[in-house]
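Source file run_12.txt; content: compact mmCIF, C-alpha atoms.
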```txt
# COMPACT_ATOMS: atom_id res chain seq x y z
CA MET V 1 17.85 -52.19 -1.81
CA GLU V 2 14.55 -50.36 -1.76
CA LYS V 3 11.86 -51.68 -4.08
CA PRO V 4 10.71 -49.26 -6.81
CA GLU V 5 7.13 -49.18 -5.56
CA VAL V 6 8.28 -48.34 -2.03
CA LEU V 7 10.43 -45.52 -3.37
CA THR V 8 7.39 -44.25 -5.26
CA ASP V 9 5.36 -44.33 -2.04
CA HIS V 10 8.01 -42.22 -0.32
CA LEU V 11 7.92 -39.69 -3.14
CA ASP V 12 4.12 -39.53 -2.89
CA VAL V 13 4.32 -38.86 0.85
CA ALA V 14 6.86 -36.09 0.26
CA SER V 15 4.69 -34.61 -2.47
CA MET V 16 1.62 -34.67 -0.21
CA SER V 17 3.58 -33.02 2.59
CA SER V 18 4.77 -30.29 0.21
CA THR V 19 1.23 -29.75 -1.08
CA THR V 20 -0.18 -29.50 2.45
CA LYS V 21 2.35 -26.80 3.31
CA SER V 22 1.73 -24.84 0.09
CA VAL V 23 -2.10 -24.89 0.35
CA MET V 24 -2.44 -23.11 3.67
CA LYS V 25 -5.75 -22.20 5.25
CA LYS V 26 -7.13 -18.78 4.38
CA LEU V 27 -9.93 -18.58 6.97
CA PRO V 28 -9.93 -19.05 10.77
CA GLU V 29 -11.04 -21.93 12.95
CA VAL V 30 -14.52 -21.39 14.42
CA THR V 31 -13.94 -21.18 18.17
CA LEU V 32 -15.34 -19.16 21.07
CA ALA V 33 -12.72 -16.48 20.35
CA PHE V 34 -14.01 -16.34 16.76
CA TRP V 35 -17.54 -15.46 17.94
CA ILE V 36 -16.30 -12.91 20.47
CA MET V 37 -14.36 -11.13 17.72
CA LYS V 38 -17.34 -11.39 15.36
CA ILE V 39 -19.64 -9.65 17.85
CA ALA V 40 -17.00 -6.99 18.58
CA ALA V 41 -16.50 -6.34 14.85
CA THR V 42 -20.23 -6.14 14.10
CA THR V 43 -20.88 -3.83 17.04
CA LEU V 44 -18.07 -1.57 15.85
CA GLY V 45 -19.49 -1.78 12.33
CA GLU V 46 -22.78 -0.40 13.63
CA THR V 47 -21.27 2.49 15.61
CA ALA V 48 -18.71 3.38 12.92
CA GLY V 49 -21.30 3.28 10.13
CA ASP V 50 -23.57 5.58 12.12
CA LEU V 51 -20.58 7.82 12.92
CA PHE V 52 -19.92 8.51 9.23
CA ALA V 53 -23.51 8.60 8.00
CA GLN V 54 -25.26 10.38 10.88
CA THR V 55 -22.81 12.06 13.25
CA LEU V 56 -20.59 13.42 10.46
CA LYS V 57 -23.71 13.92 8.31
CA LEU V 58 -22.27 12.33 5.18
CA GLY V 59 -25.58 10.56 4.62
CA TYR V 60 -26.36 6.97 3.77
CA PHE V 61 -25.71 7.35 0.04
CA LEU V 62 -22.18 8.76 0.15
CA THR V 63 -21.18 6.66 3.15
CA THR V 64 -22.38 3.47 1.46
CA ILE V 65 -20.28 4.21 -1.62
CA ALA V 66 -17.21 5.07 0.46
CA LEU V 67 -17.49 2.06 2.77
CA PHE V 68 -18.17 -0.32 -0.12
CA LEU V 69 -14.91 0.86 -1.71
CA VAL V 70 -13.16 0.23 1.62
CA PHE V 71 -14.65 -3.28 1.59
CA VAL V 72 -13.30 -3.90 -1.93
CA VAL V 73 -9.79 -2.76 -0.94
CA THR V 74 -9.69 -4.90 2.21
CA LEU V 75 -11.11 -7.87 0.28
CA VAL V 76 -8.40 -7.62 -2.39
CA VAL V 77 -5.74 -7.70 0.35
CA GLN V 78 -7.39 -10.77 1.90
CA LEU V 79 -7.74 -12.59 -1.42
CA ARG V 80 -4.12 -11.91 -2.38
CA SER V 81 -2.84 -13.27 0.93
CA SER V 82 -1.43 -16.80 0.70
CA HIS V 83 -2.46 -17.79 4.23
CA TYR V 84 -4.75 -16.84 7.10
CA ASN V 85 -3.85 -13.49 8.62
CA PRO V 86 -6.11 -12.35 11.49
CA PHE V 87 -5.59 -8.68 10.70
CA PHE V 88 -6.58 -9.13 7.04
CA TYR V 89 -9.56 -11.38 7.79
CA TRP V 90 -11.08 -9.32 10.60
CA THR V 91 -10.54 -6.07 8.73
CA VAL V 92 -12.74 -7.45 5.94
CA ILE V 93 -15.34 -8.56 8.49
CA LEU V 94 -15.29 -5.04 9.95
CA SER V 95 -15.60 -3.41 6.52
CA THR V 96 -18.57 -5.64 5.63
CA SER V 97 -20.19 -4.69 8.93
CA MET V 98 -19.73 -0.96 8.34
CA ALA V 99 -20.86 -1.16 4.71
CA GLY V 100 -23.75 -3.42 5.72
CA THR V 101 -24.91 -0.85 8.27
CA THR V 102 -25.24 1.99 5.77
CA MET V 103 -26.45 -0.26 2.93
CA SER V 104 -29.27 -1.46 5.16
CA ASP V 105 -30.11 2.08 6.29
CA PHE V 106 -30.10 3.34 2.71
CA MET V 107 -32.42 0.54 1.59
CA ASN V 108 -34.87 0.72 4.48
CA ARG V 109 -35.00 4.35 5.58
CA ASP V 110 -36.07 7.66 4.02
CA ALA V 111 -35.86 11.40 4.73
CA SER V 112 -38.68 11.46 7.29
CA ALA V 113 -38.07 13.01 10.69
CA LYS V 114 -38.13 9.54 12.25
CA TYR V 115 -34.66 8.79 10.86
CA LEU V 116 -33.09 12.25 11.11
CA SER V 117 -31.46 14.03 14.01
CA LYS V 118 -33.59 16.55 15.87
CA GLY V 119 -34.00 19.72 13.81
CA ALA V 120 -32.32 18.22 10.72
CA THR V 121 -34.10 18.36 7.36
CA SER V 122 -31.63 16.29 5.33
CA LEU V 123 -28.68 13.98 5.78
CA GLY V 124 -25.78 14.37 3.39
CA TRP V 125 -25.70 14.73 -0.37
CA GLY V 126 -27.73 12.56 -2.69
CA PRO V 127 -30.75 10.34 -2.03
CA GLN V 128 -31.62 10.13 1.67
CA GLY V 129 -32.79 6.54 1.35
CA LEU V 130 -35.02 4.25 -0.69
CA GLY V 131 -37.59 3.92 2.08
CA LEU V 132 -38.34 0.25 1.40
CA GLY V 133 -38.95 -0.51 5.06
CA TYR V 134 -37.48 -3.35 7.10
CA PRO V 135 -39.77 -6.20 5.90
CA SER V 136 -39.27 -5.43 2.20
CA GLY V 137 -35.55 -4.81 2.65
CA ALA V 138 -35.13 -8.07 4.57
CA ALA V 139 -37.08 -10.01 1.91
CA ILE V 140 -34.77 -8.69 -0.83
CA LEU V 141 -31.63 -9.49 1.16
CA ILE V 142 -32.85 -12.98 2.08
CA SER V 143 -33.54 -13.67 -1.60
CA ILE V 144 -30.03 -12.54 -2.56
CA LEU V 145 -28.48 -14.63 0.22
CA VAL V 146 -30.45 -17.73 -0.83
CA ALA V 147 -29.30 -17.19 -4.43
CA ILE V 148 -25.66 -17.00 -3.29
CA PHE V 149 -25.99 -20.23 -1.31
CA ALA V 150 -27.74 -21.94 -4.25
CA LEU V 151 -24.87 -20.93 -6.55
CA TRP V 152 -22.40 -22.07 -3.89
CA LYS V 153 -24.17 -25.45 -3.61
CA ALA V 154 -24.25 -25.88 -7.39
CA SER V 155 -20.50 -25.20 -7.59
CA GLY V 156 -19.85 -28.29 -5.46
CA MET V 157 -17.50 -26.41 -3.14
CA THR V 158 -17.51 -26.94 0.62
CA PHE V 159 -19.44 -24.76 3.08
CA GLN V 160 -16.90 -25.57 5.82
CA ILE V 161 -14.93 -22.34 6.12
CA ARG V 162 -11.82 -24.07 7.45
CA ASP V 163 -11.61 -25.99 4.16
CA ILE V 164 -12.07 -23.02 1.80
CA VAL V 165 -8.74 -22.44 0.04
CA THR V 166 -9.71 -21.48 -3.52
CA PHE V 167 -10.31 -18.01 -4.94
CA ARG V 168 -13.82 -18.90 -6.12
CA GLY V 169 -14.71 -20.39 -2.75
CA GLU V 170 -13.51 -17.27 -0.97
CA ALA V 171 -15.40 -15.02 -3.38
CA LEU V 172 -18.65 -16.86 -2.60
CA PHE V 173 -17.87 -16.80 1.12
CA TRP V 174 -17.31 -13.04 1.23
CA SER V 175 -20.37 -12.35 -0.93
CA ALA V 176 -22.45 -14.27 1.61
CA ILE V 177 -20.76 -12.40 4.47
CA LEU V 178 -21.54 -8.95 3.01
CA VAL V 179 -25.21 -9.79 2.37
CA SER V 180 -25.65 -11.55 5.73
CA ASN V 181 -24.19 -8.58 7.60
CA THR V 182 -26.52 -6.22 5.73
CA LEU V 183 -29.47 -8.51 6.50
CA GLY V 184 -28.43 -8.71 10.13
CA THR V 185 -28.37 -4.92 10.36
CA SER V 186 -31.94 -4.76 9.05
CA MET V 187 -33.02 -7.34 11.62
CA GLY V 188 -31.28 -5.46 14.43
CA ASP V 189 -32.79 -2.12 13.46
CA PHE V 190 -36.24 -3.69 13.20
CA LEU V 191 -35.90 -5.17 16.70
CA SER V 192 -34.63 -1.86 18.11
CA ASP V 193 -36.90 0.60 16.29
CA SER V 194 -40.10 -1.16 15.27
CA SER V 195 -40.66 -4.25 17.40
CA GLY V 196 -41.20 -2.43 20.70
CA LEU V 197 -38.47 -4.47 22.40
CA GLY V 198 -35.97 -1.62 22.49
CA TYR V 199 -32.19 -1.99 22.29
CA ALA V 200 -31.70 -4.11 25.40
CA GLY V 201 -34.76 -6.25 24.67
CA GLY V 202 -33.64 -6.87 21.10
CA ALA V 203 -30.17 -7.87 22.26
CA LEU V 204 -31.64 -10.28 24.83
CA LEU V 205 -33.91 -11.87 22.22
CA VAL V 206 -31.02 -12.46 19.80
CA SER V 207 -28.85 -13.78 22.66
CA ALA V 208 -31.60 -16.28 23.53
CA ALA V 209 -31.78 -17.40 19.88
CA LEU V 210 -28.00 -17.90 19.83
CA ALA V 211 -28.25 -19.97 23.02
CA VAL V 212 -30.76 -22.23 21.25
CA LEU V 213 -28.30 -22.67 18.38
CA VAL V 214 -25.58 -23.69 20.83
CA ALA V 215 -27.94 -26.31 22.30
CA LEU V 216 -28.76 -27.60 18.79
CA MET V 217 -25.07 -28.32 18.21
CA LYS V 218 -25.59 -31.39 20.39
CA VAL V 219 -28.35 -32.67 18.09
CA PRO V 220 -26.75 -34.98 15.48
CA VAL V 221 -29.42 -34.48 12.81
CA VAL V 222 -28.88 -30.71 12.65
CA PRO V 223 -25.92 -29.83 10.37
CA ASN V 224 -23.32 -27.67 12.11
CA VAL V 225 -22.74 -25.78 8.85
CA LEU V 226 -26.38 -24.64 8.89
CA LEU V 227 -26.08 -23.60 12.54
CA PHE V 228 -22.90 -21.65 11.73
CA TRP V 229 -24.55 -19.54 9.03
CA ILE V 230 -27.66 -18.88 11.11
CA ALA V 231 -25.43 -17.81 14.01
CA PHE V 232 -23.35 -15.66 11.64
CA VAL V 233 -26.46 -13.77 10.56
CA LEU V 234 -27.82 -13.46 14.12
CA THR V 235 -24.61 -12.07 15.60
CA ARG V 236 -25.06 -9.07 13.31
CA PRO V 237 -28.38 -7.91 14.84
CA LEU V 238 -26.81 -8.57 18.23
CA GLY V 239 -24.02 -6.17 17.29
CA ALA V 240 -26.50 -3.70 15.80
CA THR V 241 -28.68 -3.61 18.93
CA ALA V 242 -25.63 -3.47 21.18
CA GLY V 243 -24.18 -0.60 19.12
CA ASP V 244 -27.45 1.32 19.28
CA PHE V 245 -27.68 0.66 23.01
CA LEU V 246 -24.24 2.24 23.46
CA THR V 247 -24.81 5.29 21.26
CA LYS V 248 -28.49 6.27 21.32
CA PRO V 249 -29.90 8.87 23.76
CA VAL V 250 -31.04 7.80 27.22
CA ALA V 251 -34.57 8.95 26.33
CA LYS V 252 -34.64 6.27 23.63
CA GLY V 253 -33.27 3.56 25.91
CA GLY V 254 -29.57 3.93 25.08
CA LEU V 255 -26.51 4.90 27.12
CA ASP V 256 -25.76 8.02 25.00
CA LEU V 257 -22.01 7.31 24.85
CA GLY V 258 -21.81 8.73 21.33
CA THR V 259 -20.71 7.10 18.09
CA ALA V 260 -17.16 8.49 18.21
CA GLY V 261 -16.33 7.42 21.76
CA SER V 262 -18.01 4.02 21.41
CA SER V 263 -16.24 3.37 18.10
CA ALA V 264 -12.85 4.29 19.57
CA VAL V 265 -13.27 1.90 22.52
CA LEU V 266 -14.59 -0.93 20.32
CA LEU V 267 -11.74 -0.41 17.83
CA ALA V 268 -9.19 -0.71 20.64
CA ILE V 269 -10.86 -3.92 21.86
CA LEU V 270 -11.01 -5.42 18.37
CA PHE V 271 -7.40 -4.44 17.63
CA GLY V 272 -6.27 -6.12 20.85
CA LEU V 273 -8.20 -9.29 19.96
CA MET V 274 -6.66 -9.31 16.47
CA ALA V 275 -3.18 -8.95 17.93
CA TYR V 276 -3.88 -11.85 20.29
CA ALA V 277 -5.18 -13.97 17.40
CA GLN V 278 -2.07 -13.13 15.38
CA VAL V 279 0.20 -14.30 18.22
CA GLN V 280 -1.80 -17.53 18.63
CA GLU V 281 -1.70 -18.19 14.89
CA ARG V 282 2.06 -17.66 14.78
CA ARG V 283 2.59 -20.01 17.74
CA GLY V 284 0.46 -22.64 16.07
CA ASN V 285 2.43 -22.38 12.83
CA ASP V 286 5.75 -22.54 14.68
CA ALA V 287 4.61 -25.63 16.58
CA GLN V 288 3.51 -27.28 13.35
CA ASP V 289 6.83 -26.51 11.66
CA ALA V 290 8.70 -27.92 14.64
CA GLU V 291 6.97 -31.31 14.44
CA PRO V 292 9.35 -34.01 13.14
CA ALA V 293 8.49 -35.54 9.80
CA PRO V 294 7.03 -39.07 10.02
CA VAL V 295 9.61 -41.80 9.41
CA THR V 296 8.54 -44.55 7.05
CA ARG V 297 10.49 -47.78 7.31
CA ALA V 298 11.69 -48.89 3.90
CA ALA V 299 11.42 -52.51 2.77
CA ASP V 300 14.67 -54.33 2.11
```
The structure given in the file should be rewritten as structure tokens.
Amino acid sequence: MEKPEVLTDHLDVASMSSTTKSVMKKLPEVTLAFWIMKIAATTLGETAGDLFAQTLKLGYFLTTIALFLVFVVTLVVQLRSSHYNPFFYWTVILSTSMAGTTMSDFMNRDASAKYLSKGATSLGWGPQGLGLGYPSGAAILISILVAIFALWKASGMTFQIRDIVTFRGEALFWSAILVSNTLGTSMGDFLSDSSGLGYAGGALLVSAALAVLVALMKVPVVPNVLLFWIAFVLTRPLGATAGDFLTKPVAKGGLDLGTAGSSAVLLAILFGLMAYAQVQERRGNDAQDAEPAPVTRAAD
């Protein structure tokens, strides 16, 4: 006959197994595919944000309000999901990239001819921009991001995204994502417009910085969590410079492919990557469900 304490151990194992299945991951594993999709989403965020604000002439003010509402809707869907869904997750990343593009433009730019299409005197209804400039805008965004991370640290919750399963943890994560994408847009626009590097030069500089981060992953004293968040911010200016390179006129160093055409191609690429991620996630879940439960030998 099984001893009472052994029976209790078995019940504990069953309870732990049930808990593990019920608390499923909400965020993806950080792999090479993750970074490829992140760059694709941020590049699309740049071209799509410019499509609404500049090409369709809605302006930074109206577009920021509209895209922020889109972000809220996609975030609610993500937060209400009980498990990681690539379509939900990457749609929020895309919405933060689009909103971050116009939020950054609204903060940093103004109604001067430098930021308007040739012959245009205004851009959409409402304020044309706050005209803070890239340094001031970046300083404000960095301060907000530091405050979010300080609050996150004080909460005692993990910075490892694969271990974030609570509502509060996700809320902090997505707040940091929105601000970091807005900051990354400011950095990308500064590199493209004001640094003298141009679109291709800015993209090469950010790529070199990312390569340094990859090398630092081999250094034990450098926390991988810190490297992740630095890389997350830097992939946004990479997407911003890449998006500008695709859409801006040849005279300005771009390929002049247009915001509509570039956005359509990037959307197709991102949708294909999300579908692939969904298939891989389903296969992984099926394989996990198919694993036999561990057999514990009971004492006589």
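For the residues V:Glu170, V:Thr43, V:Met107, V:Leu267, ranking by smallest atom-to-atom distance to Ser81 of chain V using all atoms listed in the file places V:Glu170 first.
The residue set within 12 Å of Gly272 of chain V, counting only C-alpha atoms and dropping same-chain residues fewer than 4 places from it, reads Met37, Ala40, Ala41, Pro86, Phe87, Trp90, Val265, Leu266, Leu267, Ala268, Tyr276, Ala277, Gln278 and Val279 of chain V.
From atom CA of Leu94 of chain V back to atom CA of Ala275 of chain V, the distance works out to 15.0 Å.
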*Long-range neighbours of Val73 of chain V as a ChimeraX atom specification, 12 Å cut-off, only C-alpha atoms, 3 positions minimum in chain*: /V:66-70,76-80,88,91-92,95-96
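If you look at atom CA of Val206 of chain V and atom CA of Ile93 of chain V, they are 19.7 Å away from each other.
Shortest separation to Tyr60 of chain V among V:Phe167, V:Tyr84, V:Phe106, V:Trp35 occurs at residue V:Phe106, atoms counted being only C-alpha atoms.
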Mind checking which residues fall within 7 Å of segment 174-185 of chain V, counting all atoms listed in the file, ignoring those fewer than 6 positions away in the same chain, and posting them as a short mmCIF file (atom, residue, chain, number, x, y, z; two decimals) with C-alpha atoms, in the frame of the given file?
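As written to disk, part_14.cif reads:
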```
data_model
loop_
_atom_site.label_atom_id
_atom_site.label_comp_id
_atom_site.auth_asym_id
_atom_site.auth_seq_id
_atom_site.Cartn_x
_atom_site.Cartn_y
_atom_site.Cartn_z
CA THR V 96 -18.57 -5.64 5.63
CA SER V 97 -20.19 -4.69 8.93
CA GLY V 100 -23.75 -3.42 5.72
CA THR V 101 -24.91 -0.85 8.27
CA MET V 103 -26.45 -0.26 2.93
CA SER V 104 -29.27 -1.46 5.16
CA ALA V 138 -35.13 -8.07 4.57
CA LEU V 141 -31.63 -9.49 1.16
CA LEU V 145 -28.48 -14.63 0.22
CA ILE V 148 -25.66 -17.00 -3.29
CA VAL V 233 -26.46 -13.77 10.56
CA LEU V 234 -27.82 -13.46 14.12
CA ARG V 236 -25.06 -9.07 13.31
CA PRO V 237 -28.38 -7.91 14.84
CA ALA V 240 -26.50 -3.70 15.80
#
```
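Here atom CA of Ala215 of chain V is placed at a distance of 18.0 Å from atom CA of Phe34 of chain V.
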Might you pull out every residue within 7 Å of segment 245-260 of chain V, with only C-alpha atoms counted and same-chain residues fewer than 3 positions away left off, and present them as a compact mmCIF listing (two decimals) with C-alpha atoms, in the coordinates of the input?
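Result written to result-v5.txt:
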```
# COMPACT_ATOMS: atom_id res chain seq x y z
CA THR V 47 -21.27 2.49 15.61
CA ALA V 48 -18.71 3.38 12.92
CA ASP V 50 -23.57 5.58 12.12
CA LEU V 51 -20.58 7.82 12.92
CA GLY V 198 -35.97 -1.62 22.49
CA TYR V 199 -32.19 -1.99 22.29
CA ALA V 200 -31.70 -4.11 25.40
CA THR V 241 -28.68 -3.61 18.93
CA ALA V 242 -25.63 -3.47 21.18
CA SER V 263 -16.24 3.37 18.10
CA ALA V 264 -12.85 4.29 19.57
```
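Distance check against Phe228 of chain V using only C-alpha atoms: of V:Leu191, V:Ile269, V:Leu210, V:Leu27, the minimum falls on V:Leu210.
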May I ask you to restore all heavy atoms in segment 45-56 of chain V and write the result as a PDB file, in the coordinates of the input?
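Wrote it out as out.pdb, contents follow:
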```pdb
ATOM      1  N   GLY V  45     -18.948  -2.120  13.637  1.00  0.00           N
ATOM      2  CA  GLY V  45     -19.490  -1.780  12.330  1.00  0.00           C
ATOM      3  C   GLY V  45     -20.730  -0.921  12.420  1.00  0.00           C
ATOM      4  O   GLY V  45     -20.923   0.007  11.632  1.00  0.00           O
ATOM      5  N   GLU V  46     -21.576  -1.194  13.419  1.00  0.00           N
ATOM      6  CA  GLU V  46     -22.780  -0.400  13.630  1.00  0.00           C
ATOM      7  C   GLU V  46     -22.443   1.025  14.077  1.00  0.00           C
ATOM      8  O   GLU V  46     -22.945   2.001  13.514  1.00  0.00           O
ATOM      9  CB  GLU V  46     -23.666  -1.078  14.679  1.00  0.00           C
ATOM     10  CG  GLU V  46     -24.940  -0.338  15.024  1.00  0.00           C
ATOM     11  CD  GLU V  46     -25.971  -0.364  13.917  1.00  0.00           C
ATOM     12  OE1 GLU V  46     -25.856  -1.228  13.017  1.00  0.00           O
ATOM     13  OE2 GLU V  46     -26.896   0.478  13.938  1.00  0.00           O
ATOM     14  N   THR V  47     -21.587   1.153  15.084  1.00  0.00           N
ATOM     15  CA  THR V  47     -21.270   2.490  15.610  1.00  0.00           C
ATOM     16  C   THR V  47     -20.466   3.310  14.607  1.00  0.00           C
ATOM     17  O   THR V  47     -20.688   4.513  14.465  1.00  0.00           O
ATOM     18  CB  THR V  47     -20.497   2.382  16.939  1.00  0.00           C
ATOM     19  OG1 THR V  47     -19.268   1.665  16.738  1.00  0.00           O
ATOM     20  CG2 THR V  47     -21.320   1.654  17.991  1.00  0.00           C
ATOM     21  N   ALA V  48     -19.526   2.652  13.893  1.00  0.00           N
ATOM     22  CA  ALA V  48     -18.710   3.380  12.920  1.00  0.00           C
ATOM     23  C   ALA V  48     -19.531   3.798  11.712  1.00  0.00           C
ATOM     24  O   ALA V  48     -19.372   4.907  11.183  1.00  0.00           O
ATOM     25  CB  ALA V  48     -17.519   2.527  12.488  1.00  0.00           C
ATOM     26  N   GLY V  49     -20.425   2.914  11.250  1.00  0.00           N
ATOM     27  CA  GLY V  49     -21.300   3.280  10.130  1.00  0.00           C
ATOM     28  C   GLY V  49     -22.174   4.463  10.466  1.00  0.00           C
ATOM     29  O   GLY V  49     -22.338   5.393   9.668  1.00  0.00           O
ATOM     30  N   ASP V  50     -22.745   4.448  11.684  1.00  0.00           N
ATOM     31  CA  ASP V  50     -23.570   5.580  12.120  1.00  0.00           C
ATOM     32  C   ASP V  50     -22.727   6.846  12.320  1.00  0.00           C
ATOM     33  O   ASP V  50     -23.217   7.960  12.110  1.00  0.00           O
ATOM     34  CB  ASP V  50     -24.282   5.228  13.431  1.00  0.00           C
ATOM     35  CG  ASP V  50     -25.406   4.227  13.218  1.00  0.00           C
ATOM     36  OD1 ASP V  50     -25.804   4.012  12.056  1.00  0.00           O
ATOM     37  OD2 ASP V  50     -25.880   3.646  14.216  1.00  0.00           O
ATOM     38  N   LEU V  51     -21.466   6.663  12.727  1.00  0.00           N
ATOM     39  CA  LEU V  51     -20.580   7.820  12.920  1.00  0.00           C
ATOM     40  C   LEU V  51     -20.410   8.583  11.611  1.00  0.00           C
ATOM     41  O   LEU V  51     -20.547   9.813  11.567  1.00  0.00           O
ATOM     42  CB  LEU V  51     -19.213   7.345  13.431  1.00  0.00           C
ATOM     43  CG  LEU V  51     -18.090   8.387  13.470  1.00  0.00           C
ATOM     44  CD1 LEU V  51     -18.411   9.495  14.464  1.00  0.00           C
ATOM     45  CD2 LEU V  51     -16.752   7.731  13.828  1.00  0.00           C
ATOM     46  N   PHE V  52     -20.128   7.856  10.527  1.00  0.00           N
ATOM     47  CA  PHE V  52     -19.920   8.510   9.230  1.00  0.00           C
ATOM     48  C   PHE V  52     -21.223   9.043   8.648  1.00  0.00           C
ATOM     49  O   PHE V  52     -21.280  10.175   8.171  1.00  0.00           O
ATOM     50  CB  PHE V  52     -19.266   7.535   8.248  1.00  0.00           C
ATOM     51  CG  PHE V  52     -17.848   7.186   8.587  1.00  0.00           C
ATOM     52  CD1 PHE V  52     -17.498   5.890   8.919  1.00  0.00           C
ATOM     53  CD2 PHE V  52     -16.860   8.149   8.591  1.00  0.00           C
ATOM     54  CE1 PHE V  52     -16.198   5.558   9.251  1.00  0.00           C
ATOM     55  CE2 PHE V  52     -15.544   7.833   8.914  1.00  0.00           C
ATOM     56  CZ  PHE V  52     -15.218   6.534   9.245  1.00  0.00           C
ATOM     57  N   ALA V  53     -22.273   8.218   8.671  1.00  0.00           N
ATOM     58  CA  ALA V  53     -23.510   8.600   8.000  1.00  0.00           C
ATOM     59  C   ALA V  53     -24.311   9.645   8.756  1.00  0.00           C
ATOM     60  O   ALA V  53     -24.852  10.583   8.157  1.00  0.00           O
ATOM     61  CB  ALA V  53     -24.377   7.350   7.766  1.00  0.00           C
ATOM     62  N   GLN V  54     -24.381   9.516  10.095  1.00  0.00           N
ATOM     63  CA  GLN V  54     -25.260  10.380  10.880  1.00  0.00           C
ATOM     64  C   GLN V  54     -24.509  11.469  11.648  1.00  0.00           C
ATOM     65  O   GLN V  54     -24.820  12.651  11.502  1.00  0.00           O
ATOM     66  CB  GLN V  54     -26.069   9.507  11.852  1.00  0.00           C
ATOM     67  CG  GLN V  54     -26.945   8.488  11.144  1.00  0.00           C
ATOM     68  CD  GLN V  54     -27.691   7.583  12.114  1.00  0.00           C
ATOM     69  OE1 GLN V  54     -27.898   7.931  13.271  1.00  0.00           O
ATOM     70  NE2 GLN V  54     -28.085   6.409  11.661  1.00  0.00           N
ATOM     71  N   THR V  55     -23.524  11.065  12.442  1.00  0.00           N
ATOM     72  CA  THR V  55     -22.810  12.060  13.250  1.00  0.00           C
ATOM     73  C   THR V  55     -22.049  13.056  12.371  1.00  0.00           C
ATOM     74  O   THR V  55     -22.102  14.276  12.596  1.00  0.00           O
ATOM     75  CB  THR V  55     -21.836  11.374  14.224  1.00  0.00           C
ATOM     76  OG1 THR V  55     -22.557  10.416  15.010  1.00  0.00           O
ATOM     77  CG2 THR V  55     -21.182  12.392  15.140  1.00  0.00           C
ATOM     78  N   LEU V  56     -21.328  12.538  11.377  1.00  0.00           N
ATOM     79  CA  LEU V  56     -20.590  13.420  10.460  1.00  0.00           C
ATOM     80  C   LEU V  56     -21.455  13.923   9.321  1.00  0.00           C
ATOM     81  O   LEU V  56     -20.979  14.694   8.479  1.00  0.00           O
ATOM     82  CB  LEU V  56     -19.364  12.675   9.904  1.00  0.00           C
ATOM     83  CG  LEU V  56     -18.334  12.222  10.955  1.00  0.00           C
ATOM     84  CD1 LEU V  56     -17.170  11.500  10.270  1.00  0.00           C
ATOM     85  CD2 LEU V  56     -17.821  13.402  11.765  1.00  0.00           C
TER      86      LEU V  56
END
```
